[in-house]
$ cat my_file-v4.cif   # mmCIF, C-alpha atoms
data_model
loop_
_atom_site.label_atom_id
_atom_site.label_comp_id
_atom_site.auth_asym_id
_atom_site.auth_seq_id
_atom_site.Cartn_x
_atom_site.Cartn_y
_atom_site.Cartn_z
CA MET A 40 1.86 -15.41 -43.99
CA ARG A 41 0.19 -15.55 -47.33
CA THR A 42 -0.56 -12.40 -49.24
CA SER A 43 -2.84 -13.47 -52.03
CA THR A 44 -3.98 -10.80 -54.41
CA THR A 45 -5.55 -12.91 -57.13
CA THR A 46 -7.58 -15.44 -55.18
CA THR A 47 -9.47 -12.92 -53.07
CA SER A 48 -11.65 -11.68 -55.92
CA SER A 49 -13.32 -15.06 -56.34
CA GLY A 50 -13.30 -15.73 -52.61
CA ILE A 51 -15.46 -12.72 -51.82
CA THR A 52 -18.69 -14.13 -53.25
CA LEU A 53 -18.01 -17.67 -52.10
CA SER A 54 -17.31 -16.85 -48.49
CA THR A 55 -20.14 -14.49 -47.55
CA LYS A 56 -22.74 -17.16 -46.72
CA SER A 57 -20.52 -19.35 -44.58
CA CYS A 58 -19.02 -16.21 -43.11
CA ARG A 59 -22.45 -15.11 -41.99
CA ILE A 60 -23.15 -18.33 -40.10
CA LYS A 61 -19.66 -18.48 -38.61
CA PHE A 62 -19.91 -14.89 -37.46
CA ALA A 63 -23.40 -15.39 -36.02
CA ARG A 64 -22.33 -18.44 -34.02
CA ARG A 65 -19.23 -16.77 -32.60
CA PHE A 66 -20.98 -13.52 -31.86
CA LEU A 67 -23.90 -15.18 -30.10
CA ARG A 68 -21.47 -17.18 -27.99
CA SER A 69 -19.70 -13.97 -26.94
CA LEU A 70 -23.05 -12.32 -26.26
CA ALA A 71 -23.98 -15.15 -23.93
CA GLU A 72 -20.65 -14.78 -22.14
CA ILE A 73 -21.12 -11.05 -21.81
CA LYS A 74 -24.56 -11.64 -20.39
CA LYS A 75 -23.12 -14.04 -17.82
CA GLN A 76 -20.58 -11.43 -16.77
CA LYS A 77 -23.37 -8.96 -16.36
CA ARG A 78 -25.21 -11.26 -14.01
CA SER A 79 -22.30 -11.33 -11.58
CA SER A 80 -22.14 -7.55 -11.29
CA ALA A 81 -25.93 -7.35 -11.59
CA SER A 82 -26.60 -3.78 -12.51
CA SER A 83 -28.30 -2.13 -15.45
CA SER A 84 -27.07 1.38 -14.82
CA GLU A 85 -26.18 3.64 -17.70
CA GLU A 86 -22.50 3.18 -17.05
CA GLU A 87 -22.89 -0.56 -17.09
CA ILE A 88 -24.80 -0.45 -20.38
CA CYS A 89 -22.13 1.75 -21.92
CA LYS A 90 -19.33 -0.57 -20.80
CA ARG A 91 -21.20 -3.56 -22.06
CA SER A 92 -21.92 -2.00 -25.43
CA LYS A 93 -18.19 -1.44 -25.88
CA ARG A 94 -17.56 -5.07 -25.03
CA ILE A 95 -20.26 -6.12 -27.49
CA LYS A 96 -18.70 -3.98 -30.17
CA MET A 97 -15.27 -5.53 -29.64
CA ALA A 98 -16.89 -8.97 -29.65
CA ALA A 99 -18.63 -8.20 -32.94
CA TYR A 100 -15.44 -7.07 -34.70
CA SER A 101 -13.35 -9.92 -33.36
CA SER A 102 -16.03 -12.49 -34.14
CA MET A 103 -16.06 -11.33 -37.73
CA ALA A 104 -12.28 -11.28 -37.98
CA ARG A 105 -12.09 -14.79 -36.58
CA ALA A 106 -14.87 -15.98 -38.87
CA VAL A 107 -12.89 -14.72 -41.87
CA GLY A 108 -9.71 -16.28 -40.56
CA PRO A 109 -6.10 -15.32 -41.24
CA ARG A 110 -6.32 -15.36 -45.03
CA MET A 111 -7.08 -11.66 -45.28
CA ASN A 112 -4.76 -8.87 -44.21
CA TRP A 113 -7.53 -6.82 -42.62
CA SER A 114 -8.75 -9.62 -40.36
CA ARG A 115 -5.23 -10.34 -39.15
CA ALA A 116 -4.64 -6.66 -38.48
CA LEU A 117 -7.97 -6.32 -36.68
CA LEU A 118 -7.32 -9.32 -34.47
CA PHE A 119 -3.86 -8.04 -33.70
CA LYS A 120 -5.33 -4.68 -32.69
CA LEU A 121 -8.01 -6.24 -30.52
CA ARG A 122 -5.62 -8.70 -28.91
CA ASN A 123 -3.34 -5.86 -27.89
CA ARG A 124 -6.27 -4.16 -26.28
CA VAL A 125 -6.14 -1.19 -28.55
CA SER A 126 -9.80 -0.34 -28.69
CA TYR A 127 -10.99 0.71 -32.11
CA PRO A 128 -9.53 4.22 -32.07
CA ARG A 129 -11.97 6.00 -34.32
CA LEU A 130 -12.85 8.90 -32.05
CA VAL A 131 -9.23 9.96 -31.74
CA LYS A 132 -8.77 9.78 -35.48
CA LYS A 133 -11.89 11.80 -36.12
CA LYS A 134 -10.50 14.66 -34.07
CA LYS A 135 -7.24 14.55 -35.98
CA ARG A 136 -9.05 14.54 -39.29
CA VAL A 137 -11.02 17.63 -38.40
CA THR A 138 -7.92 19.62 -37.54
CA VAL A 139 -6.27 18.63 -40.81
CA ARG A 140 -9.35 19.53 -42.79
CA SER A 141 -9.70 22.94 -41.21
CA ASN A 142 -6.65 24.51 -42.84
CA LYS A 143 -7.85 24.39 -46.40
CA VAL A 144 -5.19 24.19 -49.04
CA PRO A 145 -6.08 24.15 -52.73
CA ARG A 146 -5.20 20.70 -54.04
CA SER A 147 -4.43 19.30 -57.44
CA LYS A 148 -6.47 16.38 -58.77
CA SER A 149 -3.74 13.83 -58.25
CA SER A 150 -3.15 14.81 -54.66
CA VAL A 151 -6.89 14.42 -53.93
CA HIS A 152 -6.73 10.93 -55.39
CA ILE A 153 -3.79 9.98 -53.20
CA ASP A 154 -5.47 11.60 -50.23
CA ARG A 155 -8.57 9.45 -50.61
CA GLY A 156 -6.49 6.34 -50.77
CA ASN A 157 -4.95 7.40 -47.50
CA LYS A 158 -8.35 8.04 -45.95
CA LEU A 159 -9.33 4.52 -46.92
CA ARG A 160 -6.10 3.22 -45.38
CA LYS A 161 -7.16 4.65 -42.05
CA LEU A 162 -10.57 3.00 -42.22
CA VAL A 163 -9.54 -0.47 -43.33
CA PRO A 164 -7.65 -2.38 -40.62
CA GLY A 165 -4.04 -2.89 -41.59
CA GLY A 166 -4.51 -0.61 -44.58
CA LYS A 167 -1.46 1.48 -43.84
CA SER A 168 0.91 -1.27 -44.87
CA MET A 169 -0.93 -2.32 -48.04
CA ASP A 170 -0.12 -1.34 -51.59
CA TYR A 171 -2.91 0.31 -53.55
CA ILE A 172 -4.20 -2.80 -55.33
CA CYS A 173 -4.16 -4.84 -52.16
CA LEU A 174 -5.97 -2.01 -50.39
CA LEU A 175 -8.77 -2.01 -52.97
CA GLU A 176 -9.23 -5.79 -52.77
CA GLU A 177 -9.16 -5.86 -49.01
CA THR A 178 -11.59 -2.94 -48.88
CA ALA A 179 -14.10 -4.80 -51.05
CA HIS A 180 -13.90 -7.83 -48.78
CA TYR A 181 -14.00 -5.73 -45.61
CA ILE A 182 -17.13 -3.90 -46.77
CA THR A 183 -18.88 -7.17 -47.57
CA CYS A 184 -18.05 -8.55 -44.16
CA LEU A 185 -19.00 -5.38 -42.30
CA ASN A 186 -22.31 -5.42 -44.12
CA THR A 187 -22.90 -9.02 -43.05
CA GLN A 188 -21.91 -8.11 -39.51
CA VAL A 189 -24.42 -5.26 -39.40
CA LYS A 190 -27.20 -7.41 -40.85
CA VAL A 191 -26.66 -10.23 -38.37
CA MET A 192 -26.45 -7.82 -35.43
CA GLN A 193 -29.65 -6.20 -36.64
CA ALA A 194 -31.37 -9.58 -36.90
CA ILE A 195 -30.29 -10.53 -33.38
CA ALA A 196 -31.44 -7.20 -31.98
CA ASP A 197 -34.80 -7.50 -33.74
CA ASN A 198 -35.15 -11.02 -32.47
CA LEU A 199 -34.38 -10.05 -28.89
CA SER A 200 -36.78 -7.14 -28.86
CA LYS A 201 -39.71 -9.25 -30.01
CA MET B 168 5.97 21.33 -52.13
CA SER B 169 5.76 17.59 -52.67
CA SER B 170 3.34 17.67 -55.60
CA ARG B 171 6.00 16.92 -58.19
CA ARG B 172 7.27 13.92 -56.34
CA SER B 173 3.84 12.47 -55.68
CA ARG B 174 2.73 12.96 -59.28
CA SER B 175 5.71 11.10 -60.65
CA ARG B 176 5.22 8.32 -58.15
CA GLN B 177 1.58 7.95 -59.10
CA SER B 178 2.20 7.79 -62.84
CA GLY B 179 4.94 5.24 -62.28
CA GLY B 180 2.64 3.07 -60.20
CA SER B 181 -0.41 3.35 -62.40
CA ARG B 182 1.44 2.31 -65.55
CA ILE B 183 1.98 -1.17 -64.16
CA SER B 184 -1.58 -2.03 -63.24
CA ASP B 185 -4.02 0.53 -64.61
CA ASP B 186 -6.52 -2.08 -65.80
CA GLN B 187 -6.35 -3.97 -62.55
CA ILE B 188 -7.06 -0.81 -60.56
CA ASN B 189 -9.98 0.07 -62.83
CA ASP B 190 -11.43 -3.41 -62.39
CA LEU B 191 -11.11 -3.20 -58.65
CA VAL B 192 -12.66 0.26 -58.49
CA THR B 193 -15.60 -0.99 -60.56
CA LYS B 194 -15.98 -3.96 -58.23
CA LEU B 195 -15.87 -1.65 -55.24
CA GLN B 196 -18.54 0.51 -56.85
CA GLN B 197 -20.86 -2.51 -57.13
CA LEU B 198 -20.73 -2.82 -53.35
CA LEU B 199 -21.80 0.75 -52.64
CA PRO B 200 -25.55 1.22 -52.40
CA GLU B 201 -25.25 4.96 -53.10
CA ILE B 202 -23.75 4.61 -56.56
CA ARG B 203 -24.25 0.96 -57.41
CA ASN B 204 -27.52 1.45 -59.17
CA SER B 205 -26.65 4.56 -61.11
CA ARG B 206 -27.10 3.96 -64.83
CA ARG B 207 -24.38 6.47 -65.52
CA SER B 208 -21.97 4.17 -63.78
CA ASP B 209 -19.26 4.81 -66.36
CA LYS B 210 -19.19 8.45 -65.41
CA VAL B 211 -18.46 7.81 -61.74
CA SER B 212 -14.82 8.70 -61.22
CA ALA B 213 -12.39 6.65 -59.18
CA SER B 214 -12.05 9.38 -56.59
CA THR B 215 -15.84 9.48 -56.17
CA VAL B 216 -15.88 5.73 -55.63
CA LEU B 217 -13.11 6.02 -53.04
CA GLN B 218 -14.89 8.87 -51.28
CA GLU B 219 -18.17 6.95 -51.25
CA THR B 220 -16.33 3.89 -49.95
CA CYS B 221 -14.98 5.90 -47.03
CA ASN B 222 -18.45 7.25 -46.28
CA TYR B 223 -19.98 3.80 -46.49
CA ILE B 224 -17.39 2.26 -44.15
CA ARG B 225 -17.97 5.08 -41.65
CA ASN B 226 -21.71 4.48 -41.87
CA LEU B 227 -21.26 0.77 -41.23
CA HIS B 228 -18.98 1.48 -38.26
CA ARG B 229 -21.62 3.82 -36.87
CA GLU B 230 -24.29 1.16 -37.36
CA VAL B 231 -22.16 -1.34 -35.45
CA ASP B 232 -21.82 1.23 -32.66
CA ASP B 233 -25.57 1.82 -32.53
CA LEU B 234 -26.42 -1.87 -32.68
CA SER B 235 -23.92 -2.66 -29.92
CA GLU B 236 -25.63 -0.11 -27.74
CA ARG B 237 -29.05 -1.49 -28.59
CA LEU B 238 -27.93 -5.05 -27.87
CA SER B 239 -26.43 -3.93 -24.59
CA GLU B 240 -29.73 -2.43 -23.53
CA LEU B 241 -31.59 -5.52 -24.69
CA LEU B 242 -29.28 -7.82 -22.73
CA ALA B 243 -30.16 -5.90 -19.60
CA THR B 244 -33.86 -6.49 -20.01
CA THR B 245 -34.33 -9.79 -21.83
CA ASP B 246 -33.28 -13.36 -21.35
CA THR B 247 -31.30 -14.58 -24.30
CA ALA B 248 -33.02 -17.52 -25.85
CA GLN B 249 -29.89 -18.37 -27.75
CA ALA B 250 -31.12 -21.49 -29.43
CA ALA B 251 -34.19 -19.74 -30.76
CA VAL B 252 -32.12 -16.87 -32.10
CA ILE B 253 -29.72 -19.23 -33.87
CA ARG B 254 -32.56 -21.20 -35.36
CA SER B 255 -34.26 -18.11 -36.71
CA LEU B 256 -30.96 -16.84 -38.12
CA LEU B 257 -30.27 -20.09 -39.90
CA LEU B 258 -33.75 -20.15 -41.35
CA GLN B 259 -33.42 -16.71 -42.94
#
$ encode --input "my_file-v4.cif" --output "structure tokens"
Amino acid sequence: MRTSTTTTSSGITLSTKSCRIKFARRFLRSLAEIKKQKRSSASSSEEEICKRSKRIKMAAYSSMARAVGPRMNWSRALLFKLRNRVSYPRLVKKKKRVTVRSNKVPRSKSSVHIDRGNKLRKLVPGGKSMDYICLLEETAHYITCLNTQVKVMQAIADNLSK
Amino acid sequence: MSSRRSRSRQSGGSRISDDQINDLVTKLQQLLPEIRNSRRSDKVSASTVLQETCNYIRNLHREVDDLSERLSELLATTDTAQAAVIRSLLLQ
């Protein structure tokens, strides 16, 4: 596996447009598949909608990770997570974070700085095993891609509700 | 407790690549709508940028959640005219 730290900075701006199209194609394909699955069970109950929205969410994240490909650490980590059926465990983490936050301890400036890096590590897939510089680069790329993902999903939703 | 150890580790790490980290933090700041357009951009500290980054990522995750739900509801009611959607996306 390649861990490039210098090439990513220029790759960020170059890749966003093609990334957008690649993501849109993959995501729409998964949406169509999900819709097919829905037809077989044929129900639009609340439970069904909830289940399907989870599937759509997983499809969105994995479509983006596959569109980016294996050149970034975060996309590899995200695909690994999704392949192993570990659903994006944000709710669990949120609970943990709250309990940590509740016992307030006065902190020095440096410890706050380190703390924030760690918070970022939890939010960026694969961030726990990155060094600080790598984390910052990967975060910049991840944010750009997430933003694209949201925009495309928004466009599809707007289009469908016309 | 562990403050001494962490401080020494940080100073050791930052000596190697201080400029690189500053560059990356500035780049990160450009991506954040909350503080990107602030004219006083030089005054935004690294920890603020990191904090804002965390908030922004959480917001985006939440938006993905909401949009997934919306799409799920839409799939229940509409027929996906996939070709039309793709065409309109490519035209944008």
$ resolve_selection --input "my_file-v4.cif" --expression "the PyMOL selection byres ((chain B) within 7 of (chain A))" --output "list in words"
Arg174, Ile188, Leu191, Leu195, Ser214, Leu217, Gln218, Cys221, Ile224, Leu227, Glu230, Val231, Asp232, Leu234, Ser235, Glu236, Leu238, Ser239, Glu240, Leu241, Leu242, Ala243 and Val252 of chain B
$ atom_distance --input "my_file-v4.cif" --atom1 "atom CA of Glu201 of chain B" --atom2 "atom CA of Thr215 of chain B"
10.9 Å
$ closest_residue --input "my_file-v4.cif" --among "B:His228, B:Lys194, B:Lys210, B:Arg203" --to "Cys184 of chain A" --atoms "all atoms listed in the file"
B:His228
$ atom_distance --input "my_file-v4.cif" --atom1 "atom CA of Thr55 of chain A" --atom2 "atom CA of Asn222 of chain B"
21.8 Å
$ resolve_selection --input "my_file-v4.cif" --expression "the PyMOL selection byres ((chain A and resi 107) around 9)" --output "count of residues only"
15
$ atom_distance --input "my_file-v4.cif" --atom1 "atom CA of Leu121 of chain A" --atom2 "atom CA of Ser101 of chain A"
7.1 Å
